[in-house]
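Asker: Pasting a structure below so you can have a look.
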Amino acid sequence: MKKIITTIGLVSLLAGALNAAQIDHRSMMMKDMRTMLEGMEQIQRGGFYSSSEDMKAGVKKLQATLKRLESEDVKWILPKDQVYAYQFAQKSARMLRLYSDDLIVSVDAGHMDEALENYNQLLKQCTSCHIRIRNW
């Protein structure tokens with residue numbers, strides 16, 4: 001009888017720990033998503049006011065969050081019923097890095113029109129991911 005009670009207690013404890021880990025991963029990813037939004041807003045604001053420093057700071061903020069998006073941590077928040085979700089998230093993260101790197105190059109070269117086109121591509125990547133994975 002003691003073994004059964006101990007086993008049930010241990011299983012409950014492990015299940016609770018797994019649930020807490022999932023909630024922690026989800027909250028970290030949600031925080032990263034908010035930071036990505038702030039970065040995108042800062043890039044846009046910098047473009048409107050021709051502030052290359054604001055645009056670069058926004059890219060830095062955006063790219064700081066891509067590490068988790070590029071890692072296995074993203075699996076914790078993706079829908080389990082969508083087989084392609086992980087690969088799609090990985091591809092989106094690579095594209096976000098590519099376009100944000102290009103944005104910096106364009107800003108440094110003084111080509112604001114190209115920089116804003118790169119911003120547009122970043123926004124398309126965000127929207128595409130949210131539409132496909134989050135079913136918006």
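In the structure tokens, the first chain shown is A, the next is B, and so on; residue numbers restart at 1 for each chain, and ligands run from 1 in the order shown.
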Would you kindly return, as a list in words, each protein, DNA or RNA residue with an atom no farther than 8 Å from any atom of region 81-96 of chain A, considering only C-alpha atoms and excluding same-chain residues fewer than 5 positions away?

Answerer: Leu66, Leu69, Glu70, Ser71, Val74, Lys75, Leu122, Gln125, Cys126, Cys129 and Ile133 of chain A

Asker: Using only C-alpha atoms, pick whichever of A:Met55, A:Ile4, A:Leu37, A:Leu123 has the shortest atom-to-atom distance to Asp108 (chain A).

Answerer: A:Met55

Asker: Mind pulling up the distance from CA of Arg97 (chain A) to CA of Met30 (chain A)?

Answerer: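 Those two atoms sit 18.8 Å apart.
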
Asker: Can you pull out every residue within 8 Å of Gly58 (chain A), counting only C-alpha atoms, but drop anything in the same chain fewer than 5 positions away, and send it as JSON, numbers by chain?

Answerer: {"A": [38, 39, 40, 41, 42, 43]}

Asker: Pick the closest to Tyr49 (chain A) from A:His130, A:Gln121, A:Met36, A:Met112: which is it, counting only C-alpha atoms?

Answerer: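 Going through A:His130, A:Gln121, A:Met36, A:Met112 one by one, the smallest distance to Tyr49 (chain A) is for A:Met112.
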
Asker: Report, in Å with one decimal, the straight-line distance from CA of Asp113 (chain A) to CA of Lys60 (chain A).

Answerer: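 Taking CA of Asp113 (chain A) as the start and CA of Lys60 (chain A) as the end point, the length is 19.6 Å.
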
Asker: Would you mind reading off the distance between CA of Glu72 (chain A) and CA of Val105 (chain A), one decimal, in Å?

Answerer: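 Atom-to-atom, CA of Glu72 (chain A) and CA of Val105 (chain A) are spaced 29.0 Å apart.
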
Asker: When distances are computed from only C-alpha atoms, which of A:Lys56, A:Lys61, A:Arg45, A:Arg132 shows the smallest separation from Met33 (chain A)?

Answerer: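 Of the candidates, the smallest distance to Met33 (chain A) is held by A:Lys61.
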